[in-house]
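Containing compact mmCIF, C-alpha atoms: protein-v8.txt.
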# COMPACT_ATOMS: atom_id res chain seq x y z
CA MET A 1292 92.79 76.89 62.57
CA ARG A 1293 96.32 75.48 62.36
CA LEU A 1294 97.79 79.00 62.22
CA ILE A 1295 95.73 80.06 65.25
CA SER A 1296 96.87 77.01 67.20
CA ASP A 1297 100.52 77.69 66.37
CA LEU A 1298 100.12 81.32 67.39
CA VAL A 1299 98.65 80.35 70.77
CA CYS A 1300 101.53 77.95 71.44
CA MET A 1301 104.06 80.62 70.47
CA LEU A 1302 102.49 83.17 72.83
CA ALA A 1303 102.56 80.63 75.68
CA VAL A 1304 106.25 79.96 75.11
CA VAL A 1305 107.06 83.68 74.96
CA SER A 1306 105.17 84.28 78.21
CA LEU A 1307 107.03 81.46 79.97
CA VAL A 1308 110.41 82.80 78.76
CA ALA A 1309 109.48 86.27 79.98
CA LEU A 1310 108.64 84.93 83.43
CA VAL A 1311 111.90 83.00 83.70
CA SER A 1312 113.96 85.94 82.45
CA HIS A 1313 112.56 88.08 85.25
CA GLY A 1314 113.37 85.46 87.91
CA GLN A 1315 109.75 84.34 88.24
CA THR A 1316 108.20 80.92 87.97
CA PRO A 1317 104.64 80.05 87.03
CA PRO A 1318 102.41 79.85 90.13
CA SER A 1319 101.71 76.34 91.35
CA VAL A 1320 98.95 75.22 93.70
CA GLY A 1321 99.67 72.24 95.91
CA PRO A 1322 97.00 69.86 97.18
CA ASN A 1323 97.36 71.13 100.77
CA SER A 1324 98.00 74.81 100.09
CA ASP A 1325 94.67 76.20 101.31
CA PRO A 1326 95.70 78.87 103.87
CA VAL A 1327 92.94 78.03 106.34
CA TYR A 1328 93.83 74.34 106.18
CA GLN A 1329 97.48 75.18 106.77
CA GLN A 1330 96.55 77.19 109.87
CA LEU A 1331 94.64 74.21 111.22
CA ARG A 1332 97.53 71.87 110.42
CA ASN A 1333 99.93 74.11 112.36
CA ILE A 1334 97.58 75.02 115.20
CA GLY A 1335 99.05 75.82 118.61
CA LEU A 1336 97.92 77.13 121.95
CA GLY A 1337 96.90 80.77 122.01
CA ASN A 1338 97.01 83.34 124.78
CA GLU A 1339 93.51 82.72 126.18
CA SER A 1340 92.98 80.47 129.20
CA VAL A 1341 90.47 80.08 132.02
CA VAL A 1342 90.35 78.47 135.45
CA VAL A 1343 87.45 76.05 135.97
CA ASN A 1344 85.99 74.55 139.12
CA ASN A 1345 83.21 71.96 139.29
CA PHE A 1346 82.43 72.49 135.62
CA GLU A 1347 80.42 69.93 133.62
CA LEU A 1348 80.59 69.50 129.87
CA ARG A 1349 77.91 67.14 128.56
CA ARG A 1350 78.36 65.60 125.14
CA ASP A 1351 75.65 63.08 124.37
CA ALA A 1352 76.26 60.00 126.54
CA ALA A 1353 79.45 61.36 128.12
CA THR A 1354 79.84 63.92 130.85
CA PHE A 1355 83.23 65.51 131.42
CA HIS A 1356 83.60 66.74 134.99
CA LEU A 1357 86.36 69.35 135.23
CA HIS A 1358 86.66 69.42 139.01
CA SER A 1359 89.51 71.93 139.10
CA GLY A 1360 92.18 73.08 136.72
CA THR A 1361 93.07 75.28 133.78
CA VAL A 1362 91.75 75.23 130.23
CA CYS A 1363 93.92 76.77 127.51
CA PHE A 1364 92.39 77.44 124.10
CA VAL A 1365 94.09 77.04 120.74
CA THR A 1366 94.81 79.99 118.47
CA PRO A 1367 91.67 81.10 116.61
CA VAL A 1368 91.47 80.32 112.89
CA GLN A 1369 89.22 82.60 110.87
CA GLY A 1370 87.90 83.91 114.18
CA LYS A 1371 86.91 80.43 115.42
CA VAL A 1372 88.45 78.51 118.33
CA THR A 1373 88.58 74.80 117.49
CA GLY A 1374 90.33 73.22 120.46
CA ALA A 1375 91.46 73.36 124.06
CA VAL A 1376 93.76 71.65 126.55
CA PHE A 1377 92.71 70.92 130.14
CA VAL A 1378 95.23 70.37 132.92
CA GLY A 1379 93.92 69.53 136.37
CA ASP A 1380 91.62 67.01 138.04
CA GLY A 1381 88.74 65.57 136.05
CA THR A 1382 86.54 62.55 135.41
CA MET A 1383 84.60 61.26 132.42
CA VAL A 1384 81.36 59.34 132.93
CA LEU A 1385 80.08 57.37 129.95
CA ASP A 1386 76.54 55.98 129.91
CA PRO A 1387 75.53 54.61 126.47
CA PRO A 1388 71.82 54.87 125.63
CA ILE A 1389 71.37 51.19 124.67
CA ALA A 1390 71.66 48.10 126.82
CA ILE A 1391 74.06 46.16 124.59
CA GLU A 1392 76.68 48.92 124.74
CA ARG A 1393 76.29 49.29 128.50
CA ALA A 1394 76.80 45.54 128.81
CA SER A 1395 79.91 45.77 126.63
CA LEU A 1396 81.42 48.45 128.87
CA LYS A 1397 80.56 46.44 131.96
CA LEU A 1398 82.31 43.40 130.48
CA LEU A 1399 85.44 45.40 129.65
CA THR A 1400 85.64 47.39 132.87
CA ARG A 1401 84.13 44.87 135.32
CA SER A 1402 82.18 47.76 136.75
CA ASP A 1403 78.54 48.80 136.64
CA GLU A 1404 79.53 52.38 135.84
CA PHE A 1405 82.18 53.69 133.47
CA VAL A 1406 84.16 56.42 135.22
CA GLU A 1407 87.58 57.44 133.95
CA ARG A 1408 89.87 59.79 135.85
CA TYR A 1409 92.30 62.09 134.09
CA GLU A 1410 94.68 64.96 134.68
CA HIS A 1411 95.07 65.89 131.01
CA LEU A 1412 92.43 66.32 128.33
CA VAL A 1413 92.71 67.60 124.76
CA LEU A 1414 89.53 68.73 123.01
CA ARG A 1415 88.93 69.47 119.32
CA PHE A 1416 85.55 70.76 118.22
CA THR A 1417 83.41 72.87 115.93
CA ASP A 1418 80.43 72.99 118.29
CA SER A 1419 79.74 75.32 121.24
CA THR A 1420 82.44 73.90 123.53
CA TYR A 1421 84.56 77.06 123.47
CA ASP A 1422 81.65 79.30 124.48
CA GLU A 1423 80.48 76.93 127.23
CA ILE A 1424 83.89 76.56 128.87
CA LYS A 1425 84.73 80.25 128.57
CA LYS A 1426 81.41 81.18 130.16
CA GLY A 1427 81.94 78.67 132.99
CA GLY A 1428 85.49 79.75 133.85
CA THR A 1429 87.43 82.77 135.01
CA PRO A 1430 90.55 84.26 133.37
CA ALA A 1431 93.69 82.31 134.24
CA SER A 1432 97.22 83.54 134.79
CA SER A 1433 98.90 80.18 134.16
CA GLY A 1434 99.26 78.20 130.95
CA CYS A 1435 99.07 74.56 129.83
CA ASP A 1436 101.49 72.04 128.41
CA ALA A 1437 101.56 72.64 124.64
CA GLY A 1438 103.06 69.20 124.21
CA LEU A 1439 99.67 67.64 124.97
CA LEU A 1440 98.15 69.29 121.91
CA SER A 1441 101.15 68.33 119.78
CA ALA A 1442 100.82 64.71 120.90
CA SER A 1443 97.18 64.57 119.79
CA LEU A 1444 98.04 66.04 116.38
CA HIS A 1445 100.88 63.57 116.00
CA ALA A 1446 98.62 60.64 116.90
CA MET A 1447 96.06 61.53 114.23
CA ARG A 1448 98.71 61.92 111.53
CA HIS A 1449 101.28 59.26 112.33
CA ASP A 1450 99.76 56.56 114.52
CA HIS A 1451 99.73 53.44 112.35
CA MET A 1452 96.14 52.63 113.40
CA LEU A 1453 94.50 56.05 113.35
CA LYS A 1454 95.73 58.28 110.50
CA TYR A 1455 92.59 60.40 110.40
CA ASN A 1456 92.66 63.85 108.81
CA LEU A 1457 91.00 65.72 111.65
CA ASP A 1458 92.18 69.08 110.27
CA ALA A 1459 90.30 68.52 107.00
CA ARG A 1460 87.18 67.46 108.91
CA ILE A 1461 87.30 70.64 111.00
CA LEU A 1462 87.84 72.69 107.83
CA GLN A 1463 84.70 71.14 106.36
CA ASP A 1464 82.61 72.57 109.19
CA MET A 1465 84.38 75.93 109.05
CA LEU A 1466 83.53 76.30 105.35
CA SER A 1467 79.93 75.17 105.82
CA THR A 1468 77.01 77.54 106.24
CA GLU A 1469 75.56 75.14 108.83
CA PRO A 1470 76.69 75.14 112.48
CA GLY A 1471 79.35 72.53 113.26
CA GLU A 1472 78.70 69.76 115.77
CA LEU A 1473 82.01 67.88 115.69
CA PHE A 1474 83.57 66.96 119.06
CA LEU A 1475 86.63 64.85 119.90
CA ALA A 1476 88.20 64.33 123.31
CA PHE A 1477 91.66 62.82 123.75
CA VAL A 1478 91.45 61.43 127.27
CA HIS A 1479 94.68 60.66 129.12
CA GLY A 1480 92.96 58.22 131.44
CA ARG A 1481 94.47 57.01 134.69
CA ARG A 1482 92.19 54.05 135.34
CA TYR A 1483 91.75 52.21 132.03
CA ASN A 1484 94.19 53.67 129.51
CA ASP A 1485 96.04 56.90 128.73
CA LYS A 1486 95.17 56.76 125.01
CA GLU A 1487 91.40 57.11 124.81
CA ILE A 1488 89.24 59.00 122.32
CA TYR A 1489 85.60 59.94 122.62
CA ALA A 1490 84.22 61.20 119.30
CA ILE A 1491 80.94 62.66 118.05
CA ASP A 1492 80.27 63.45 114.40
CA PRO A 1493 76.79 64.02 112.93
CA HIS A 1494 78.15 62.83 109.56
CA GLY A 1495 79.00 59.48 111.13
CA ALA A 1496 81.63 58.70 113.75
CA PRO A 1497 85.13 58.78 112.23
CA GLY A 1498 85.67 55.06 112.75
CA LEU A 1499 89.27 55.65 113.73
CA LEU A 1500 90.02 51.93 114.05
CA HIS A 1501 87.28 50.43 111.89
CA ARG A 1502 84.04 51.59 110.36
CA VAL A 1503 81.25 52.32 112.84
CA ALA A 1504 79.15 54.74 110.77
CA PRO A 1505 76.24 55.39 110.52
CA GLU A 1506 76.60 55.52 114.31
CA GLU A 1507 77.58 59.04 115.31
CA VAL A 1508 79.24 58.39 118.68
CA GLU A 1509 82.19 56.16 119.58
CA PHE A 1510 84.65 55.56 122.38
CA LEU A 1511 87.93 53.74 121.79
CA THR A 1512 91.48 53.13 122.98
CA TYR A 1513 94.37 53.29 120.54
CA ASP A 1514 97.11 51.84 122.73
CA GLU A 1515 98.81 48.96 120.91
CA ASN A 1516 98.41 46.81 124.02
CA LYS A 1517 94.74 47.72 124.46
CA LEU A 1518 93.36 48.49 121.02
CA GLY A 1519 89.69 48.59 120.15
CA THR A 1520 86.29 50.25 120.10
CA TRP A 1521 84.65 50.02 123.52
CA ALA A 1522 81.29 51.48 122.49
CA ALA A 1523 79.58 52.92 119.41
CA PHE A 1524 76.00 54.09 119.08
CA HIS A 1525 73.60 56.60 117.56
CA PHE A 1526 72.76 59.89 119.23
CA SER A 1527 71.01 59.23 122.53
CA GLU A 1528 68.00 61.29 121.44
CA GLU A 1529 67.46 58.84 118.61
Mind converting the file's structure to structure tokens?
Amino acid sequence: MRLISDLVCMLAVVSLVALVSHGQTPPSVGPNSDPVYQQLRNIGLGNESVVVNNFELRRDAATFHLHSGTVCFVTPVQGKVTGAVFVGDGTMVLDPPIAIERASLKLLTRSDEFVERYEHLVLRFTDSTYDEIKKGGTPASSGCDAGLLSASLHAMRHDHMLKYNLDARILQDMLSTEPGELFLAFVHGRRYNDKEIYAIDPHGAPGLLHRVAPEEVEFLTYDENKLGTWAAFHFSEE
């Protein structure tokens, strides 16, 4: 057994020397080297865009009204589109399904109805958002500001309060045999705050500021001067 062990070690050393002598190094696999994950990490806007008018996108308790503008989609990864940027005129209406959350919004907004206006919206998703928007729009000739997408990626990776690996969460749905239902909207609001996030995750809302799971839906602001979760609740159908 000792002779066999020595022989194995000798063969390993010889193989390593042979690799080095030919200018090669042993292959190494880094923790973030998955090619699909890398594509998601470096995602950018693609060449596909549509013009929308009076389009409604309903996501549980929130309705995004895209009154007029352009939607530009991100580059597909493994044949799937996982994001979009909207530039134009829009509003978001949020109506939580339980009284305590409606009362919380009323206290924070001093209004009976939560309506946020925006000119910029960044969406990330694994659900049917791409198909719905594409079906509801017409091909566009103009583009969108790629910096909006970059800003949302930067916020998730470097904001000292967020730091949520959205790319890994999207990858999880892409590798699953089940249909994905993840949806995040980065809302550049004009009325309440320009750093708002509305998130839906069947596995439990991401809890970007603090844990809210097992609730699946949350709305928050991540501005340092207005930081907090405004509402969190289970799916309305529940």
Please return, as a PDB file with C-alpha atoms, keeping the file's coordinate frame, all polymer residues that have at least one atom within 10 Å of the point (93.1, 54.3, 111.9); use all atoms listed in the file and the file's own coordinate frame.
ATOM      1  CA  ALA A1446      98.620  60.640 116.900  1.00  0.00           C
ATOM      2  CA  MET A1447      96.060  61.530 114.230  1.00  0.00           C
ATOM      3  CA  ARG A1448      98.710  61.920 111.530  1.00  0.00           C
ATOM      4  CA  HIS A1449     101.280  59.260 112.330  1.00  0.00           C
ATOM      5  CA  ASP A1450      99.760  56.560 114.520  1.00  0.00           C
ATOM      6  CA  HIS A1451      99.730  53.440 112.350  1.00  0.00           C
ATOM      7  CA  MET A1452      96.140  52.630 113.400  1.00  0.00           C
ATOM      8  CA  LEU A1453      94.500  56.050 113.350  1.00  0.00           C
ATOM      9  CA  LYS A1454      95.730  58.280 110.500  1.00  0.00           C
ATOM     10  CA  TYR A1455      92.590  60.400 110.400  1.00  0.00           C
ATOM     11  CA  PRO A1497      85.130  58.780 112.230  1.00  0.00           C
ATOM     12  CA  GLY A1498      85.670  55.060 112.750  1.00  0.00           C
ATOM     13  CA  LEU A1499      89.270  55.650 113.730  1.00  0.00           C
ATOM     14  CA  LEU A1500      90.020  51.930 114.050  1.00  0.00           C
ATOM     15  CA  HIS A1501      87.280  50.430 111.890  1.00  0.00           C
ATOM     16  CA  ARG A1502      84.040  51.590 110.360  1.00  0.00           C
ATOM     17  CA  TYR A1513      94.370  53.290 120.540  1.00  0.00           C
TER      18      TYR A1513
END
Selection near Ala1375 of chain A, 9 Å with only C-alpha atoms, sequence-local residues under 5 positions removed, as a list in words: Leu1336, Ser1340, Val1362, Cys1363, Phe1364, Val1365, Leu1412, Val1413, Leu1414, Arg1415, Phe1416, Tyr1421 and Leu1440 of chain A
Sel. within 8 Å of pt (86.1, 61.4, 137.8), counting only C-alpha atoms, output as an MDAnalysis selection string: chainID A and resid 1356 1380:1384 1406:1409
For atom CA of Val1478 of chain A and atom CA of Asn1323 of chain A, the interatomic separation in Å (one decimal):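 A separation of 28.8 Å between them.
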One-decimal distance in Å that lies between atom CA of Pro1367 of chain A and atom CA of Lys1425 of chain A: 13.9 Å
Residue with smallest distance to Val1327 of chain A - pool A:Asn1484, A:Ser1467, A:Thr1512, A:Gln1369, counting only C-alpha atoms: A:Gln1369
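Shell of Ala1522 of chain A at 7 Å, with all atoms listed in the file counted and residues fewer than 4 places along the chain excluded, is Glu1392, Glu1509 and Phe1510 of chain A.
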For atom CA of Gln1463 of chain A and atom CA of Pro1322 of chain A, the interatomic separation in Å (one decimal): 15.4 Å
A:Leu1396, A:Leu1511, A:Ile1389, A:Val1368 ranked by distance to Thr1417 of chain A, top pick (using all atoms listed in the file): A:Val1368
Gly1438 of chain A environment, 12 Å, all atoms listed in the file, sequence neighbours closer than 5 positions dropped, as a list in words: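 Answer for this query is Gly1335, Leu1336, Val1376, Val1378, His1411, Leu1412, Val1413, Ser1443, Leu1444 and His1445 of chain A.
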Using C-alpha atoms, can you write the selected residues to a file as a PDB file, in the frame of the given file?
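part16.pdb, freshly written:
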ATOM      1  CA  GLY A1335      99.050  75.820 118.610  1.00  0.00           C
ATOM      2  CA  LEU A1336      97.920  77.130 121.950  1.00  0.00           C
ATOM      3  CA  VAL A1376      93.760  71.650 126.550  1.00  0.00           C
ATOM      4  CA  VAL A1378      95.230  70.370 132.920  1.00  0.00           C
ATOM      5  CA  HIS A1411      95.070  65.890 131.010  1.00  0.00           C
ATOM      6  CA  LEU A1412      92.430  66.320 128.330  1.00  0.00           C
ATOM      7  CA  VAL A1413      92.710  67.600 124.760  1.00  0.00           C
ATOM      8  CA  SER A1443      97.180  64.570 119.790  1.00  0.00           C
ATOM      9  CA  LEU A1444      98.040  66.040 116.380  1.00  0.00           C
ATOM     10  CA  HIS A1445     100.880  63.570 116.000  1.00  0.00           C
TER      11      HIS A1445
END
Of the listed residues A:Asp1436, A:Asp1458, A:Glu1410, A:Asp1351, that which approaches Asn1333 of chain A most closely, counting all atoms listed in the file: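 Distance minimum relative to Asn1333 of chain A lands on A:Asp1458.
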